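**Student:** Below: one structure in structure tokens.
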Amino acid sequence: MDYLDDLILRSGTSAYCLFASSDDPDMRYLTHFVTNDPVPVIKKRGEKPIMILPIMEADRAERESIAQCITRQQAGYQEIIATEKDPFNITASLIERCSGGAVIVPPQFPLALARALEKKIPVLLDEHSTISQMRSQKTSDEISHISVVQNATEEAMEHGINLIRGSTIRNGLLWHGEKPLTSELIRYTIHSILLSRGCVAKDTIVSCGEETAMPHCTGEGQLKAHQPIVIDLFPKSETSGYHADMTRTVSKGEPSGRVCELYEAVRDAEILGESLISAGVSGAECYQKVRDYFDDQGFKTDTEGFIHSLGHGIGLEVHEKPSLSPAGEELKEGHVVTVEPGLYYRGVGGVRIENMGVVTRSGFERLTNFPVEMIF
């Protein structure tokens, strides 16, 4: 919490303040608490965060949260509602009483609440999203949480790919026994495995053929033989809240020569990207060197080609700091990042391979342990 203490001191405020549910990764990071309803969280210098809760949540919070938990009644709720009925004004009054003065808030702080709070105390904006910066460097416990999700991800990916590997080809289409093998069936299979491992996933990509030229097309319908099939899954642990992220591109039967060329270039770019990563190197430098490699191989980028970043941080969010992009910052020990080069061309298709690992002083410690194989 030293970063927040320093920020509070530099800003001349009394506390850092959040108002969020645990869907907000900053709130979950500060409190380790899971709640669907937004609650005030107030962090003063040198103290544990204070979380103001309804009475019904107090006992559970005491058991599960690392924050100091007080009830709304203890914070003066009954006295406040005797004269105030507007919910934003009520919450602002609770924050005012518990903060002891001016507060600094993150960019995602609700505007209506900020306006109500400004009538009572000064409100400053944390323009640098300090907690997200804190979250970017992972502890050993956080890396363990991510590894658990990655293990479940690999198991789910294996089940999905095995359906493709074991399929039969009829008139250019894939069949699972007497049923069409569809994106939906593979997605359902993947999600079922993940659920059995305590993880949830949404927007899982199982795209095929020309769909794969659109990097985030989720895919639908019966899968085709001799075509690229992109499977990208990024589940979250229901227990810890941490994510993993992995992509593979496969094909039942050999695809066109052009797709094979894309695959070979992306596979080599993945190896190159991982070799470039270490603490002290910028994400922008890693991105540019991989883009230069694609250019040298004849895969120029404009509206097609390598049309996304090389990778991103991962943790309580699927996409968080740092970025391996043209604006990517310096990589630090403890960052957990993906490396996911891809090439995409209309009328041909797309190929993406994605691994995940930890930035170390000397390199990239891969957390992904899954084969890279295209043709079955």
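The chains in the structure tokens are called A, B, ... from first to last as shown; in each chain the residues are counted from 1, and the ligands are counted from 1 in the order shown.
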Would you mind listing what lies within 9 Å of A:Ser11 as a ChimeraX atom specification, with only C-alpha atoms counted and same-chain residues fewer than 4 positions away left out?
**Tutor:** /A:6-7,103-104,124
**Student:** Pick out each residue of stretch 78-304 of chain A that DSSP on the backbone tags as alpha helix (DSSP H); I need them as a ChimeraX atom specification.
**Tutor:** /A:78-81,87-99,111-118,130-136,140-165,183-196,257-276,283-296
**Student:** Contacts of A:Val372 at 8 Å or less, counting only C-alpha atoms, minus same-chain residues fewer than 2 places along, as a PDB file with all heavy atoms, in the first residue's frame?
**Tutor:**
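Final output, around21.pdb:
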```
ATOM      1  N   ARG A 248      -4.923 -20.789 -29.631  1.00  0.00           N
ATOM      2  CA  ARG A 248      -4.309 -21.693 -30.583  1.00  0.00           C
ATOM      3  C   ARG A 248      -5.090 -21.637 -31.898  1.00  0.00           C
ATOM      4  O   ARG A 248      -6.305 -21.388 -31.914  1.00  0.00           O
ATOM      5  CB  ARG A 248      -4.296 -23.144 -30.054  1.00  0.00           C
ATOM      6  CG  ARG A 248      -3.322 -23.374 -28.896  1.00  0.00           C
ATOM      7  CD  ARG A 248      -1.893 -23.196 -29.326  1.00  0.00           C
ATOM      8  NE  ARG A 248      -0.938 -23.480 -28.266  1.00  0.00           N
ATOM      9  CZ  ARG A 248      -0.392 -22.558 -27.464  1.00  0.00           C
ATOM     10  NH1 ARG A 248      -0.774 -21.277 -27.570  1.00  0.00           N
ATOM     11  NH2 ARG A 248       0.505 -22.904 -26.566  1.00  0.00           N
ATOM     12  N   ILE A 353      -1.405 -17.136 -32.225  1.00  0.00           N
ATOM     13  CA  ILE A 353      -0.887 -18.038 -31.196  1.00  0.00           C
ATOM     14  C   ILE A 353      -0.590 -17.184 -29.971  1.00  0.00           C
ATOM     15  O   ILE A 353       0.026 -16.126 -30.083  1.00  0.00           O
ATOM     16  CB  ILE A 353       0.391 -18.763 -31.653  1.00  0.00           C
ATOM     17  CG1 ILE A 353       0.109 -19.611 -32.901  1.00  0.00           C
ATOM     18  CG2 ILE A 353       0.963 -19.627 -30.532  1.00  0.00           C
ATOM     19  CD1 ILE A 353       1.361 -20.163 -33.563  1.00  0.00           C
ATOM     20  N   PHE A 370       1.414 -25.781 -23.347  1.00  0.00           N
ATOM     21  CA  PHE A 370       0.486 -26.440 -24.259  1.00  0.00           C
ATOM     22  C   PHE A 370       1.099 -26.451 -25.648  1.00  0.00           C
ATOM     23  O   PHE A 370       1.671 -25.457 -26.091  1.00  0.00           O
ATOM     24  CB  PHE A 370      -0.858 -25.679 -24.277  1.00  0.00           C
ATOM     25  CG  PHE A 370      -1.991 -26.456 -24.893  1.00  0.00           C
ATOM     26  CD1 PHE A 370      -2.754 -27.326 -24.124  1.00  0.00           C
ATOM     27  CD2 PHE A 370      -2.281 -26.337 -26.242  1.00  0.00           C
ATOM     28  CE1 PHE A 370      -3.791 -28.052 -24.689  1.00  0.00           C
ATOM     29  CE2 PHE A 370      -3.330 -27.047 -26.810  1.00  0.00           C
ATOM     30  CZ  PHE A 370      -4.087 -27.907 -26.032  1.00  0.00           C
ATOM     31  N   MET A 374      -0.677 -27.302 -35.619  1.00  0.00           N
ATOM     32  CA  MET A 374      -1.796 -26.779 -36.407  1.00  0.00           C
ATOM     33  C   MET A 374      -2.654 -27.861 -37.047  1.00  0.00           C
ATOM     34  O   MET A 374      -3.863 -27.856 -36.916  1.00  0.00           O
ATOM     35  CB  MET A 374      -1.268 -25.856 -37.503  1.00  0.00           C
ATOM     36  CG  MET A 374      -2.398 -25.187 -38.295  1.00  0.00           C
ATOM     37  SD  MET A 374      -1.819 -24.206 -39.674  1.00  0.00           S
ATOM     38  CE  MET A 374      -3.318 -23.297 -40.050  1.00  0.00           C
TER      39      MET A 374
END
```
**Student:** Determine, counting only C-alpha atoms, which protein, DNA and RNA residues have an atom within 9 Å of an atom of stretch 48-56 of chain A; residues of the same chain fewer than 6 positions away are not included. Present the result as a PDB file with all heavy atoms, in the first residue's frame.
**Tutor:**
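Contents of selection16.pdb, as written:
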```
ATOM      1  N   MET A   1       0.814  -1.205   0.000  1.00  0.00           N
ATOM      2  CA  MET A   1       0.000   0.000   0.000  1.00  0.00           C
ATOM      3  C   MET A   1       0.856   1.268   0.000  1.00  0.00           C
ATOM      4  O   MET A   1       0.327   2.370   0.071  1.00  0.00           O
ATOM      5  CB  MET A   1      -0.932   0.000   1.211  1.00  0.00           C
ATOM      6  CG  MET A   1      -1.890  -1.176   1.257  1.00  0.00           C
ATOM      7  SD  MET A   1      -3.071  -1.173  -0.105  1.00  0.00           S
ATOM      8  CE  MET A   1      -3.983  -2.672   0.252  1.00  0.00           C
ATOM      9  N   TYR A  16      -7.697   7.887   0.039  1.00  0.00           N
ATOM     10  CA  TYR A  16      -8.037   7.426  -1.312  1.00  0.00           C
ATOM     11  C   TYR A  16      -9.400   6.755  -1.202  1.00  0.00           C
ATOM     12  O   TYR A  16      -9.641   5.987  -0.262  1.00  0.00           O
ATOM     13  CB  TYR A  16      -7.000   6.429  -1.812  1.00  0.00           C
ATOM     14  CG  TYR A  16      -7.028   6.181  -3.305  1.00  0.00           C
ATOM     15  CD1 TYR A  16      -6.133   6.838  -4.141  1.00  0.00           C
ATOM     16  CD2 TYR A  16      -7.932   5.292  -3.889  1.00  0.00           C
ATOM     17  CE1 TYR A  16      -6.130   6.617  -5.512  1.00  0.00           C
ATOM     18  CE2 TYR A  16      -7.944   5.074  -5.257  1.00  0.00           C
ATOM     19  CZ  TYR A  16      -7.047   5.741  -6.053  1.00  0.00           C
ATOM     20  OH  TYR A  16      -7.050   5.535  -7.414  1.00  0.00           O
ATOM     21  N   LEU A  30      -7.923  -4.214  -3.363  1.00  0.00           N
ATOM     22  CA  LEU A  30      -7.734  -3.564  -2.067  1.00  0.00           C
ATOM     23  C   LEU A  30      -8.381  -4.325  -0.913  1.00  0.00           C
ATOM     24  O   LEU A  30      -7.900  -4.265   0.220  1.00  0.00           O
ATOM     25  CB  LEU A  30      -8.302  -2.146  -2.095  1.00  0.00           C
ATOM     26  CG  LEU A  30      -7.461  -1.036  -2.713  1.00  0.00           C
ATOM     27  CD1 LEU A  30      -8.148   0.300  -2.513  1.00  0.00           C
ATOM     28  CD2 LEU A  30      -6.057  -1.005  -2.129  1.00  0.00           C
ATOM     29  N   THR A  31      -9.482  -5.028  -1.194  1.00  0.00           N
ATOM     30  CA  THR A  31     -10.268  -5.612  -0.105  1.00  0.00           C
ATOM     31  C   THR A  31     -10.295  -7.138  -0.079  1.00  0.00           C
ATOM     32  O   THR A  31     -10.603  -7.731   0.944  1.00  0.00           O
ATOM     33  CB  THR A  31     -11.727  -5.129  -0.185  1.00  0.00           C
ATOM     34  OG1 THR A  31     -12.345  -5.671  -1.366  1.00  0.00           O
ATOM     35  CG2 THR A  31     -11.809  -3.612  -0.224  1.00  0.00           C
ATOM     36  N   VAL A  39     -19.870  -0.551  -2.751  1.00  0.00           N
ATOM     37  CA  VAL A  39     -19.713  -0.064  -1.369  1.00  0.00           C
ATOM     38  C   VAL A  39     -18.555   0.925  -1.330  1.00  0.00           C
ATOM     39  O   VAL A  39     -17.638   0.855  -2.156  1.00  0.00           O
ATOM     40  CB  VAL A  39     -19.449  -1.223  -0.383  1.00  0.00           C
ATOM     41  CG1 VAL A  39     -20.619  -2.192  -0.338  1.00  0.00           C
ATOM     42  CG2 VAL A  39     -18.159  -1.966  -0.749  1.00  0.00           C
ATOM     43  N   PRO A  40     -18.559   1.860  -0.372  1.00  0.00           N
ATOM     44  CA  PRO A  40     -17.420   2.767  -0.221  1.00  0.00           C
ATOM     45  C   PRO A  40     -16.216   2.046   0.386  1.00  0.00           C
ATOM     46  O   PRO A  40     -16.360   1.247   1.321  1.00  0.00           O
ATOM     47  CB  PRO A  40     -17.944   3.845   0.733  1.00  0.00           C
ATOM     48  CG  PRO A  40     -19.432   3.670   0.778  1.00  0.00           C
ATOM     49  CD  PRO A  40     -19.675   2.218   0.529  1.00  0.00           C
ATOM     50  N   VAL A  41     -15.050   2.332  -0.175  1.00  0.00           N
ATOM     51  CA  VAL A  41     -13.788   1.845   0.383  1.00  0.00           C
ATOM     52  C   VAL A  41     -12.877   3.054   0.542  1.00  0.00           C
ATOM     53  O   VAL A  41     -12.653   3.803  -0.419  1.00  0.00           O
ATOM     54  CB  VAL A  41     -13.121   0.803  -0.534  1.00  0.00           C
ATOM     55  CG1 VAL A  41     -11.800   0.332   0.073  1.00  0.00           C
ATOM     56  CG2 VAL A  41     -14.046  -0.382  -0.781  1.00  0.00           C
ATOM     57  N   ILE A  42     -12.362   3.252   1.756  1.00  0.00           N
ATOM     58  CA  ILE A  42     -11.582   4.445   2.081  1.00  0.00           C
ATOM     59  C   ILE A  42     -10.236   4.009   2.638  1.00  0.00           C
ATOM     60  O   ILE A  42     -10.164   3.265   3.626  1.00  0.00           O
ATOM     61  CB  ILE A  42     -12.327   5.314   3.115  1.00  0.00           C
ATOM     62  CG1 ILE A  42     -13.660   5.781   2.520  1.00  0.00           C
ATOM     63  CG2 ILE A  42     -11.478   6.497   3.542  1.00  0.00           C
ATOM     64  CD1 ILE A  42     -14.669   6.227   3.545  1.00  0.00           C
ATOM     65  N   ILE A  66      -9.587  -8.445   3.675  1.00  0.00           N
ATOM     66  CA  ILE A  66      -8.393  -7.944   4.358  1.00  0.00           C
ATOM     67  C   ILE A  66      -8.601  -6.503   4.813  1.00  0.00           C
ATOM     68  O   ILE A  66      -7.717  -5.917   5.438  1.00  0.00           O
ATOM     69  CB  ILE A  66      -7.153  -8.034   3.456  1.00  0.00           C
ATOM     70  CG1 ILE A  66      -7.316  -7.148   2.211  1.00  0.00           C
ATOM     71  CG2 ILE A  66      -6.850  -9.467   3.088  1.00  0.00           C
ATOM     72  CD1 ILE A  66      -6.048  -7.016   1.385  1.00  0.00           C
ATOM     73  N   ALA A  67      -9.753  -5.922   4.499  1.00  0.00           N
ATOM     74  CA  ALA A  67     -10.050  -4.540   4.887  1.00  0.00           C
ATOM     75  C   ALA A  67     -10.608  -4.484   6.306  1.00  0.00           C
ATOM     76  O   ALA A  67     -11.072  -5.491   6.853  1.00  0.00           O
ATOM     77  CB  ALA A  67     -11.050  -3.924   3.910  1.00  0.00           C
ATOM     78  N   GLN A  68     -10.579  -3.295   6.878  1.00  0.00           N
ATOM     79  CA  GLN A  68     -11.287  -3.044   8.125  1.00  0.00           C
ATOM     80  C   GLN A  68     -12.747  -2.803   7.782  1.00  0.00           C
ATOM     81  O   GLN A  68     -13.063  -1.945   6.954  1.00  0.00           O
ATOM     82  CB  GLN A  68     -10.699  -1.814   8.818  1.00  0.00           C
ATOM     83  CG  GLN A  68     -11.418  -1.412  10.087  1.00  0.00           C
ATOM     84  CD  GLN A  68     -10.880  -0.113  10.661  1.00  0.00           C
ATOM     85  OE1 GLN A  68      -9.837   0.380  10.240  1.00  0.00           O
ATOM     86  NE2 GLN A  68     -11.603   0.444  11.604  1.00  0.00           N
ATOM     87  N   CYS A  69     -13.659  -3.545   8.367  1.00  0.00           N
ATOM     88  CA  CYS A  69     -15.068  -3.495   7.987  1.00  0.00           C
ATOM     89  C   CYS A  69     -15.889  -2.797   9.066  1.00  0.00           C
ATOM     90  O   CYS A  69     -15.806  -3.146  10.244  1.00  0.00           O
ATOM     91  CB  CYS A  69     -15.606  -4.910   7.767  1.00  0.00           C
ATOM     92  SG  CYS A  69     -14.639  -5.858   6.566  1.00  0.00           S
ATOM     93  N   ILE A  70     -16.666  -1.799   8.634  1.00  0.00           N
ATOM     94  CA  ILE A  70     -17.611  -1.160   9.543  1.00  0.00           C
ATOM     95  C   ILE A  70     -18.975  -1.137   8.868  1.00  0.00           C
ATOM     96  O   ILE A  70     -19.076  -1.112   7.634  1.00  0.00           O
ATOM     97  CB  ILE A  70     -17.178   0.268   9.943  1.00  0.00           C
ATOM     98  CG1 ILE A  70     -17.175   1.191   8.724  1.00  0.00           C
ATOM     99  CG2 ILE A  70     -15.818   0.255  10.613  1.00  0.00           C
ATOM    100  CD1 ILE A  70     -16.933   2.644   9.084  1.00  0.00           C
ATOM    101  N   THR A  71     -20.012  -1.156   9.660  1.00  0.00           N
ATOM    102  CA  THR A  71     -21.354  -1.124   9.095  1.00  0.00           C
ATOM    103  C   THR A  71     -21.752   0.318   8.791  1.00  0.00           C
ATOM    104  O   THR A  71     -21.178   1.281   9.328  1.00  0.00           O
ATOM    105  CB  THR A  71     -22.390  -1.722  10.064  1.00  0.00           C
ATOM    106  OG1 THR A  71     -22.497  -0.868  11.213  1.00  0.00           O
ATOM    107  CG2 THR A  71     -21.987  -3.133  10.480  1.00  0.00           C
ATOM    108  N   ARG A  72     -22.756   0.451   7.930  1.00  0.00           N
ATOM    109  CA  ARG A  72     -23.266   1.795   7.634  1.00  0.00           C
ATOM    110  C   ARG A  72     -23.795   2.466   8.904  1.00  0.00           C
ATOM    111  O   ARG A  72     -23.652   3.676   9.073  1.00  0.00           O
ATOM    112  CB  ARG A  72     -24.360   1.707   6.569  1.00  0.00           C
ATOM    113  CG  ARG A  72     -23.824   1.326   5.203  1.00  0.00           C
ATOM    114  CD  ARG A  72     -24.867   1.418   4.123  1.00  0.00           C
ATOM    115  NE  ARG A  72     -25.985   0.505   4.330  1.00  0.00           N
ATOM    116  CZ  ARG A  72     -26.937   0.282   3.430  1.00  0.00           C
ATOM    117  NH1 ARG A  72     -26.919   0.920   2.263  1.00  0.00           N
ATOM    118  NH2 ARG A  72     -27.929  -0.570   3.683  1.00  0.00           N
ATOM    119  N   GLN A  73     -24.394   1.663   9.778  1.00  0.00           N
ATOM    120  CA  GLN A  73     -24.905   2.216  11.027  1.00  0.00           C
ATOM    121  C   GLN A  73     -23.763   2.784  11.872  1.00  0.00           C
ATOM    122  O   GLN A  73     -23.882   3.852  12.473  1.00  0.00           O
ATOM    123  CB  GLN A  73     -25.676   1.148  11.804  1.00  0.00           C
ATOM    124  CG  GLN A  73     -27.082   0.889  11.295  1.00  0.00           C
ATOM    125  CD  GLN A  73     -27.109   0.217   9.917  1.00  0.00           C
ATOM    126  OE1 GLN A  73     -26.126  -0.382   9.489  1.00  0.00           O
ATOM    127  NE2 GLN A  73     -28.242   0.328   9.230  1.00  0.00           N
ATOM    128  N   GLN A  74     -22.654   2.057  11.928  1.00  0.00           N
ATOM    129  CA  GLN A  74     -21.498   2.540  12.677  1.00  0.00           C
ATOM    130  C   GLN A  74     -20.928   3.826  12.070  1.00  0.00           C
ATOM    131  O   GLN A  74     -20.328   4.643  12.769  1.00  0.00           O
ATOM    132  CB  GLN A  74     -20.415   1.464  12.729  1.00  0.00           C
ATOM    133  CG  GLN A  74     -20.769   0.282  13.617  1.00  0.00           C
ATOM    134  CD  GLN A  74     -19.788  -0.862  13.471  1.00  0.00           C
ATOM    135  OE1 GLN A  74     -19.298  -1.148  12.372  1.00  0.00           O
ATOM    136  NE2 GLN A  74     -19.490  -1.535  14.583  1.00  0.00           N
ATOM    137  N   ALA A  75     -21.125   3.982  10.753  1.00  0.00           N
ATOM    138  CA  ALA A  75     -20.625   5.181  10.065  1.00  0.00           C
ATOM    139  C   ALA A  75     -21.594   6.354  10.145  1.00  0.00           C
ATOM    140  O   ALA A  75     -21.315   7.423   9.598  1.00  0.00           O
ATOM    141  CB  ALA A  75     -20.323   4.841   8.613  1.00  0.00           C
ATOM    142  N   LEU A  94     -21.513   9.490   4.226  1.00  0.00           N
ATOM    143  CA  LEU A  94     -20.777   8.397   4.869  1.00  0.00           C
ATOM    144  C   LEU A  94     -19.282   8.531   4.594  1.00  0.00           C
ATOM    145  O   LEU A  94     -18.446   8.347   5.494  1.00  0.00           O
ATOM    146  CB  LEU A  94     -21.290   7.048   4.354  1.00  0.00           C
ATOM    147  CG  LEU A  94     -22.700   6.635   4.768  1.00  0.00           C
ATOM    148  CD1 LEU A  94     -23.137   5.387   4.005  1.00  0.00           C
ATOM    149  CD2 LEU A  94     -22.776   6.374   6.269  1.00  0.00           C
ATOM    150  N   ILE A  95     -18.935   8.824   3.327  1.00  0.00           N
ATOM    151  CA  ILE A  95     -17.525   8.969   2.958  1.00  0.00           C
ATOM    152  C   ILE A  95     -16.906  10.162   3.677  1.00  0.00           C
ATOM    153  O   ILE A  95     -15.787  10.083   4.190  1.00  0.00           O
ATOM    154  CB  ILE A  95     -17.388   9.114   1.425  1.00  0.00           C
ATOM    155  CG1 ILE A  95     -17.791   7.804   0.728  1.00  0.00           C
ATOM    156  CG2 ILE A  95     -15.961   9.498   1.053  1.00  0.00           C
ATOM    157  CD1 ILE A  95     -17.910   7.910  -0.775  1.00  0.00           C
ATOM    158  N   CYS A  98     -16.060   9.284   7.274  1.00  0.00           N
ATOM    159  CA  CYS A  98     -15.009   8.287   7.484  1.00  0.00           C
ATOM    160  C   CYS A  98     -13.656   8.704   6.910  1.00  0.00           C
ATOM    161  O   CYS A  98     -12.629   8.163   7.312  1.00  0.00           O
ATOM    162  CB  CYS A  98     -15.423   6.954   6.879  1.00  0.00           C
ATOM    163  SG  CYS A  98     -16.812   6.162   7.727  1.00  0.00           S
TER     164      CYS A  98
END
```
**Student:** From the set A:Thr247, A:Thr35, A:Asn171, A:Thr189, which residue has the shortest atom-to-atom contact distance to A:Ser207, counting only C-alpha atoms?
**Tutor:**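 Checking each of A:Thr247, A:Thr35, A:Asn171, A:Thr189 against A:Ser207, counting only C-alpha atoms, the winner is A:Thr247.
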**Student:** For A:Ser22, work out the shell of residues within 9 Å, counting only C-alpha atoms and skipping chain neighbours fewer than 4 positions away, then give it as a list in words.
**Tutor:**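 Using only C-alpha atoms, the neighbours found are Asp26, Met27, Arg28, Tyr29, Thr31, His32, Phe33, Val34, Thr35, Asn36, Asp37 and Pro38 of chain A.
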**Student:** Could you write out that same residue set with all heavy atoms as a CSV table (one decimal), in the first residue's frame?
**Tutor:**
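So out-v4.csv came out as:
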```csv
chain,number,residue,atom,x,y,z
A,26,ASP,N,-9.9,-2.9,-9.0
A,26,ASP,CA,-9.2,-2.1,-8.0
A,26,ASP,C,-9.8,-2.4,-6.6
A,26,ASP,O,-9.1,-2.5,-5.6
A,26,ASP,CB,-9.3,-0.6,-8.3
A,26,ASP,CG,-8.4,-0.2,-9.4
A,26,ASP,OD1,-7.7,-1.1,-9.9
A,26,ASP,OD2,-8.5,1.0,-9.8
A,27,MET,N,-11.2,-2.4,-6.5
A,27,MET,CA,-11.8,-2.7,-5.3
A,27,MET,C,-11.5,-4.1,-4.8
A,27,MET,O,-11.2,-4.3,-3.6
A,27,MET,CB,-13.4,-2.5,-5.5
A,27,MET,CG,-14.2,-2.7,-4.2
A,27,MET,SD,-14.6,-4.4,-3.8
A,27,MET,CE,-15.7,-4.2,-2.5
A,28,ARG,N,-11.5,-5.1,-5.7
A,28,ARG,CA,-11.2,-6.4,-5.2
A,28,ARG,C,-9.8,-6.6,-4.8
A,28,ARG,O,-9.5,-7.3,-3.8
A,28,ARG,CB,-11.5,-7.4,-6.3
A,28,ARG,CG,-11.4,-8.9,-5.9
A,28,ARG,CD,-12.2,-9.8,-6.7
A,28,ARG,NE,-12.2,-11.2,-6.1
A,28,ARG,CZ,-12.8,-12.2,-6.7
A,28,ARG,NH1,-13.6,-12.0,-7.7
A,28,ARG,NH2,-12.7,-13.4,-6.1
A,29,TYR,N,-8.9,-5.8,-5.4
A,29,TYR,CA,-7.5,-5.9,-5.1
A,29,TYR,C,-7.3,-5.3,-3.7
A,29,TYR,O,-6.5,-5.9,-2.9
A,29,TYR,CB,-6.7,-5.1,-6.1
A,29,TYR,CG,-5.2,-5.0,-5.9
A,29,TYR,CD1,-4.4,-6.1,-6.3
A,29,TYR,CD2,-4.6,-3.9,-5.3
A,29,TYR,CE1,-3.0,-6.1,-6.1
A,29,TYR,CE2,-3.2,-3.9,-5.2
A,29,TYR,CZ,-2.4,-5.0,-5.6
A,29,TYR,OH,-1.1,-4.9,-5.4
A,31,THR,N,-9.5,-5.0,-1.2
A,31,THR,CA,-10.3,-5.6,-0.1
A,31,THR,C,-10.3,-7.1,-0.1
A,31,THR,O,-10.6,-7.7,0.9
A,31,THR,CB,-11.7,-5.1,-0.2
A,31,THR,OG1,-12.3,-5.7,-1.4
A,31,THR,CG2,-11.8,-3.6,-0.2
A,32,HIS,N,-10.0,-7.8,-1.2
A,32,HIS,CA,-10.2,-9.2,-1.4
A,32,HIS,C,-11.6,-9.7,-1.1
A,32,HIS,O,-11.9,-10.8,-0.6
A,32,HIS,CB,-9.2,-10.0,-0.5
A,32,HIS,CG,-7.8,-9.9,-0.8
A,32,HIS,ND1,-6.8,-10.7,-0.3
A,32,HIS,CD2,-7.2,-9.0,-1.7
A,32,HIS,CE1,-5.6,-10.3,-0.8
A,32,HIS,NE2,-5.8,-9.3,-1.6
A,33,PHE,N,-12.6,-8.8,-1.3
A,33,PHE,CA,-14.0,-9.1,-0.9
A,33,PHE,C,-14.8,-9.2,-2.2
A,33,PHE,O,-14.6,-8.4,-3.2
A,33,PHE,CB,-14.5,-8.0,0.0
A,33,PHE,CG,-15.9,-8.3,0.6
A,33,PHE,CD1,-16.1,-9.4,1.4
A,33,PHE,CD2,-17.0,-7.5,0.3
A,33,PHE,CE1,-17.3,-9.7,1.9
A,33,PHE,CE2,-18.2,-7.8,0.9
A,33,PHE,CZ,-18.4,-8.9,1.7
A,34,VAL,N,-15.8,-10.1,-2.2
A,34,VAL,CA,-16.7,-10.3,-3.3
A,34,VAL,C,-18.1,-9.8,-3.0
A,34,VAL,O,-18.7,-10.3,-2.0
A,34,VAL,CB,-16.7,-11.7,-3.8
A,34,VAL,CG1,-17.7,-11.9,-4.9
A,34,VAL,CG2,-15.3,-12.2,-4.2
A,35,THR,N,-18.6,-8.8,-3.7
A,35,THR,CA,-19.9,-8.3,-3.5
A,35,THR,C,-20.5,-7.8,-4.8
A,35,THR,O,-19.7,-7.1,-5.6
A,35,THR,CB,-20.0,-7.2,-2.4
A,35,THR,OG1,-21.3,-6.6,-2.3
A,35,THR,CG2,-19.0,-6.1,-2.7
A,36,ASN,N,-21.8,-8.0,-5.0
A,36,ASN,CA,-22.4,-7.5,-6.3
A,36,ASN,C,-22.8,-6.1,-6.2
A,36,ASN,O,-23.0,-5.4,-7.2
A,36,ASN,CB,-23.6,-8.4,-6.6
A,36,ASN,CG,-23.3,-9.8,-7.0
A,36,ASN,OD1,-22.3,-10.0,-7.7
A,36,ASN,ND2,-24.1,-10.7,-6.5
A,37,ASP,N,-22.9,-5.6,-4.9
A,37,ASP,CA,-23.4,-4.2,-4.7
A,37,ASP,C,-22.2,-3.3,-4.5
A,37,ASP,O,-21.3,-3.7,-3.7
A,37,ASP,CB,-24.3,-4.1,-3.6
A,37,ASP,CG,-25.6,-4.9,-3.8
A,37,ASP,OD1,-26.1,-4.8,-4.9
A,37,ASP,OD2,-26.1,-5.6,-2.9
A,38,PRO,N,-22.2,-2.1,-5.0
A,38,PRO,CA,-21.1,-1.2,-4.8
A,38,PRO,C,-21.1,-0.7,-3.3
A,38,PRO,O,-22.1,-0.4,-2.7
A,38,PRO,CB,-21.3,0.0,-5.7
A,38,PRO,CG,-22.8,-0.1,-6.0
A,38,PRO,CD,-23.1,-1.5,-6.0
```
**Student:** Which residues of stretch 245-357 of chain A come within 12 Å of stretch 214-219 of chain A, and what is each one's closest atom pair and distance in Å (one decimal), counting only C-alpha atoms, sorted by chain and residue number, as JSON lines?
**Tutor:**
```
{"residue": "A:Thr247", "atom": "CA", "partner": "A:Pro215", "partner_atom": "CA", "distance": 11.0}
{"residue": "A:Thr249", "atom": "CA", "partner": "A:Pro215", "partner_atom": "CA", "distance": 11.7}
{"residue": "A:Thr303", "atom": "CA", "partner": "A:Met214", "partner_atom": "CA", "distance": 11.2}
{"residue": "A:Glu304", "atom": "CA", "partner": "A:Met214", "partner_atom": "CA", "distance": 9.7}
{"residue": "A:Gly305", "atom": "CA", "partner": "A:Pro215", "partner_atom": "CA", "distance": 10.8}
{"residue": "A:Phe306", "atom": "CA", "partner": "A:Pro215", "partner_atom": "CA", "distance": 10.2}
{"residue": "A:Ile307", "atom": "CA", "partner": "A:Pro215", "partner_atom": "CA", "distance": 8.7}
{"residue": "A:His308", "atom": "CA", "partner": "A:Pro215", "partner_atom": "CA", "distance": 8.5}
{"residue": "A:Ser309", "atom": "CA", "partner": "A:Pro215", "partner_atom": "CA", "distance": 11.5}
{"residue": "A:Glu340", "atom": "CA", "partner": "A:Pro215", "partner_atom": "CA", "distance": 11.2}
{"residue": "A:Pro341", "atom": "CA", "partner": "A:Pro215", "partner_atom": "CA", "distance": 11.0}
{"residue": "A:Gly342", "atom": "CA", "partner": "A:Pro215", "partner_atom": "CA", "distance": 8.4}
{"residue": "A:Leu343", "atom": "CA", "partner": "A:Pro215", "partner_atom": "CA", "distance": 9.0}
{"residue": "A:Tyr344", "atom": "CA", "partner": "A:Met214", "partner_atom": "CA", "distance": 7.1}
{"residue": "A:Tyr345", "atom": "CA", "partner": "A:Met214", "partner_atom": "CA", "distance": 8.5}
{"residue": "A:Arg346", "atom": "CA", "partner": "A:Met214", "partner_atom": "CA", "distance": 8.3}
{"residue": "A:Gly347", "atom": "CA", "partner": "A:Met214", "partner_atom": "CA", "distance": 10.9}
{"residue": "A:Val348", "atom": "CA", "partner": "A:Met214", "partner_atom": "CA", "distance": 10.9}
{"residue": "A:Gly349", "atom": "CA", "partner": "A:Met214", "partner_atom": "CA", "distance": 8.0}
{"residue": "A:Gly350", "atom": "CA", "partner": "A:Met214", "partner_atom": "CA", "distance": 7.3}
{"residue": "A:Val351", "atom": "CA", "partner": "A:Pro215", "partner_atom": "CA", "distance": 8.7}
{"residue": "A:Arg352", "atom": "CA", "partner": "A:Pro215", "partner_atom": "CA", "distance": 8.3}
{"residue": "A:Ile353", "atom": "CA", "partner": "A:Pro215", "partner_atom": "CA", "distance": 11.5}
```
**Student:** Which of these, A:His226, A:Arg165, A:Arg258, A:His319, has the shortest distance to A:Phe376 once you count only C-alpha atoms?
**Tutor:**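 For A:Phe376, the nearest of the given residues is A:Arg165.
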